[in-house]
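**Student:** One structure coming up, written as structure tokens, with questions to follow.
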Amino acid sequence: MKKSGLITGVLLYALIFAGCGDSKDKEQSNAHKEQMQNNKQAVDKEALLKEIADLNGQLLNDTSMKVNRPMAYKLISKYELYVKTFIDDAQSPDFAFKAADLAQGLGDGKKSVQLYDFILENYPSYEKYPEALFLKAFVQENILHQLGAARDTYNKFMIDFPDHELYDDAEASVKYMGKSPEELIKEFEAKNKNAQQPNS
């Protein structure tokens, strides 16, 4: 009887705790929605768009041939602010893609993958979705040197988009991944040598 009472007590406690957890989750979700709404009210959309355009123009018109990293990161942060505040806005997928591309150009693989993931999670119908997936793999391979993760992402790309123009690039990346330039040269030389030998 004591054991039965204990089990009943534990189950009752679990139900109460779960109920509190659900309530807490709902409260957190509502708080998040409220915060996002407040963010929208706090952020002047037109002013932010102007800042983005100005920063973008300054970067494009910079003739010093040097990457202005502080300005580039400032632009990335403005892109991020826009897409996270106005996530459903028509421009947000493009802004997220530009931010990811910019981070990639800066060699910031972690930020770039984070932004590509944001696109993949939030914009499944985005026209550049396949490119975002491919570029995520590219960054994982060439900047972060996470070869296992890169291979998985390339394979996902090839499964999901077998007719895409980047399919061959993904296939080649997986095939030659982790090989040194010397190994690749030897492999190509051996392939050419075999191709030149007459069939007996």
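We name chains A, B, ... following the order of the structure tokens; residues begin at 1 in each chain, and ligands are numbered from 1 as shown.
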Compile a residue-level contact table for segment 65-142 of chain A against segment 168-177 of chain A at a cut-off of 9 Å, reporting for every qualifying residue the shortest atom pair and its distance in Å to one decimal, with only C-alpha atoms counted, rows ordered by chain and ascending number, as CSV.
**Tutor:**
residue,atom,partner,partner_atom,distance
A:Phe134,CA,A:Ala170,CA,7.3
A:Ala137,CA,A:Ala170,CA,8.6
A:Phe138,CA,A:Ser173,CA,8.5
A:Glu141,CA,A:Met177,CA,7.9
**Student:** Taking N, CA and C atoms for each residue, export the selection above as an mmCIF file, in the first residue's frame.
**Tutor:**
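File produced: again_15.cif:
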data_model
loop_
_atom_site.group_PDB
_atom_site.id
_atom_site.type_symbol
_atom_site.label_atom_id
_atom_site.label_comp_id
_atom_site.auth_asym_id
_atom_site.auth_seq_id
_atom_site.Cartn_x
_atom_site.Cartn_y
_atom_site.Cartn_z
ATOM 1 N N PHE A 134 24.263 24.236 -49.899
ATOM 2 C CA PHE A 134 25.571 23.924 -50.485
ATOM 3 C C PHE A 134 26.669 24.770 -49.835
ATOM 4 N N ALA A 137 27.788 23.653 -46.471
ATOM 5 C CA ALA A 137 28.748 22.548 -46.574
ATOM 6 C C ALA A 137 30.131 23.063 -46.960
ATOM 7 N N PHE A 138 30.157 24.012 -47.894
ATOM 8 C CA PHE A 138 31.431 24.581 -48.356
ATOM 9 C C PHE A 138 32.183 25.238 -47.196
ATOM 10 N N GLU A 141 33.515 22.702 -44.776
ATOM 11 C CA GLU A 141 34.699 22.019 -45.303
ATOM 12 C C GLU A 141 35.926 22.927 -45.323
#
**Student:** Residues of segment 96-194 of chain A that have any atom at most 9 Å from an atom of segment 61-72 of chain A: could you tabulate them with the shortest-distance atom pair and the distance in Å to one decimal, using only C-alpha atoms, ordered by chain and increasing number, as JSON lines?
**Tutor:**
{"residue": "A:Leu102", "atom": "CA", "partner": "A:Ala72", "partner_atom": "CA", "distance": 7.2}
{"residue": "A:Ala103", "atom": "CA", "partner": "A:Ala72", "partner_atom": "CA", "distance": 8.2}
{"residue": "A:Leu106", "atom": "CA", "partner": "A:Arg69", "partner_atom": "CA", "distance": 7.4}
**Student:** Selected residues, N, CA and C atoms, written as a PDB file, in the first residue's frame, please.
**Tutor:**
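Written out: again08.pdb:
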ATOM      1  N   LEU A 102      28.639  37.444 -46.592  1.00  0.00           N
ATOM      2  CA  LEU A 102      29.617  38.419 -46.114  1.00  0.00           C
ATOM      3  C   LEU A 102      30.483  37.812 -45.012  1.00  0.00           C
ATOM      4  N   ALA A 103      29.852  37.107 -44.091  1.00  0.00           N
ATOM      5  CA  ALA A 103      30.598  36.436 -43.016  1.00  0.00           C
ATOM      6  C   ALA A 103      31.550  35.391 -43.601  1.00  0.00           C
ATOM      7  N   LEU A 106      34.557  37.026 -44.922  1.00  0.00           N
ATOM      8  CA  LEU A 106      35.436  37.469 -43.839  1.00  0.00           C
ATOM      9  C   LEU A 106      36.170  36.303 -43.184  1.00  0.00           C
TER      10      LEU A 106
END
**Student:** Neighbours of Ser125 of chain A within 12 Å (only C-alpha atoms; same-chain residues fewer than 6 positions away dropped), as JSON, numbers by chain?
**Tutor:** {"A": [90, 93, 119, 132]}
**Student:** Pull the helix (DSSP H, G or I) assignments for segment 29-129 of chain A out of DSSP run on the backbone, and list those residues as a PyMOL selection string.
**Tutor:** chain A and resi 29-42+45-60+69-85+92-105+109-122+129
**Student:** Tyr123 of chain A: which residues within 12 Å, counting only C-alpha atoms, same-chain residues fewer than 2 positions away excluded, as a list in words?
**Tutor:**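 With the cut-off at 12 Å, the set is Val83, Ile87, Asp88, Asp89, Ala90, Gln91, Ser92, Pro93, Asp94, Phe95, Ala96, Phe97, Leu115, Tyr116, Asp117, Phe118, Ile119, Leu120, Glu121, Ser125, Tyr126, Glu127, Lys128, Tyr129, Pro130, Ala132 and Leu133 of chain A.
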**Student:** Expressed in Å to a single decimal, how great is the separation between atom CA of Ala42 of chain A and atom CA of Tyr79 of chain A?
**Tutor:**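 Those two atoms sit 16.0 Å apart.
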**Student:** In terms of the shortest atom-to-atom distance over only C-alpha atoms, which of A:Ile76, A:Glu183, A:Pro124, A:Glu131 is closest to Tyr167 of chain A?
**Tutor:** A:Glu131
**Student:** List every residue of segment 69-91 of chain A that has an atom at most 10 Å from any atom of segment 47-54 of chain A, and for each one report the closest atom pair and its distance in Å to one decimal, counting only C-alpha atoms, with rows sorted by chain and then by increasing residue number, as CSV.
**Tutor:**
residue,atom,partner,partner_atom,distance
A:Lys74,CA,A:Ile52,CA,9.1
A:Leu75,CA,A:Ile52,CA,6.3
A:Ile76,CA,A:Ile52,CA,9.0
A:Ser77,CA,A:Ile52,CA,9.6
A:Lys78,CA,A:Ile52,CA,6.4
A:Tyr79,CA,A:Ile52,CA,7.1
A:Leu81,CA,A:Leu48,CA,8.7
A:Tyr82,CA,A:Leu48,CA,7.3
**Student:** I need the chosen residues saved as a CSV table (one decimal), in the first residue's frame, with C-alpha atoms.
**Tutor:**
chain,number,residue,atom,x,y,z
A,74,LYS,CA,28.4,46.3,-38.7
A,75,LEU,CA,26.5,45.5,-41.9
A,76,ILE,CA,26.1,41.9,-40.8
A,77,SER,CA,24.7,43.0,-37.5
A,78,LYS,CA,22.2,45.3,-39.2
A,79,TYR,CA,21.2,42.5,-41.5
A,81,LEU,CA,18.7,42.8,-36.7
A,82,TYR,CA,16.4,43.3,-39.7
**Student:** Which of these, A:Gln58, A:Gln196, A:Ser112, A:Thr85, has the shortest distance to Ile143 of chain A once you count only C-alpha atoms?
**Tutor:**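 Nearest to Ile143 of chain A: A:Ser112.
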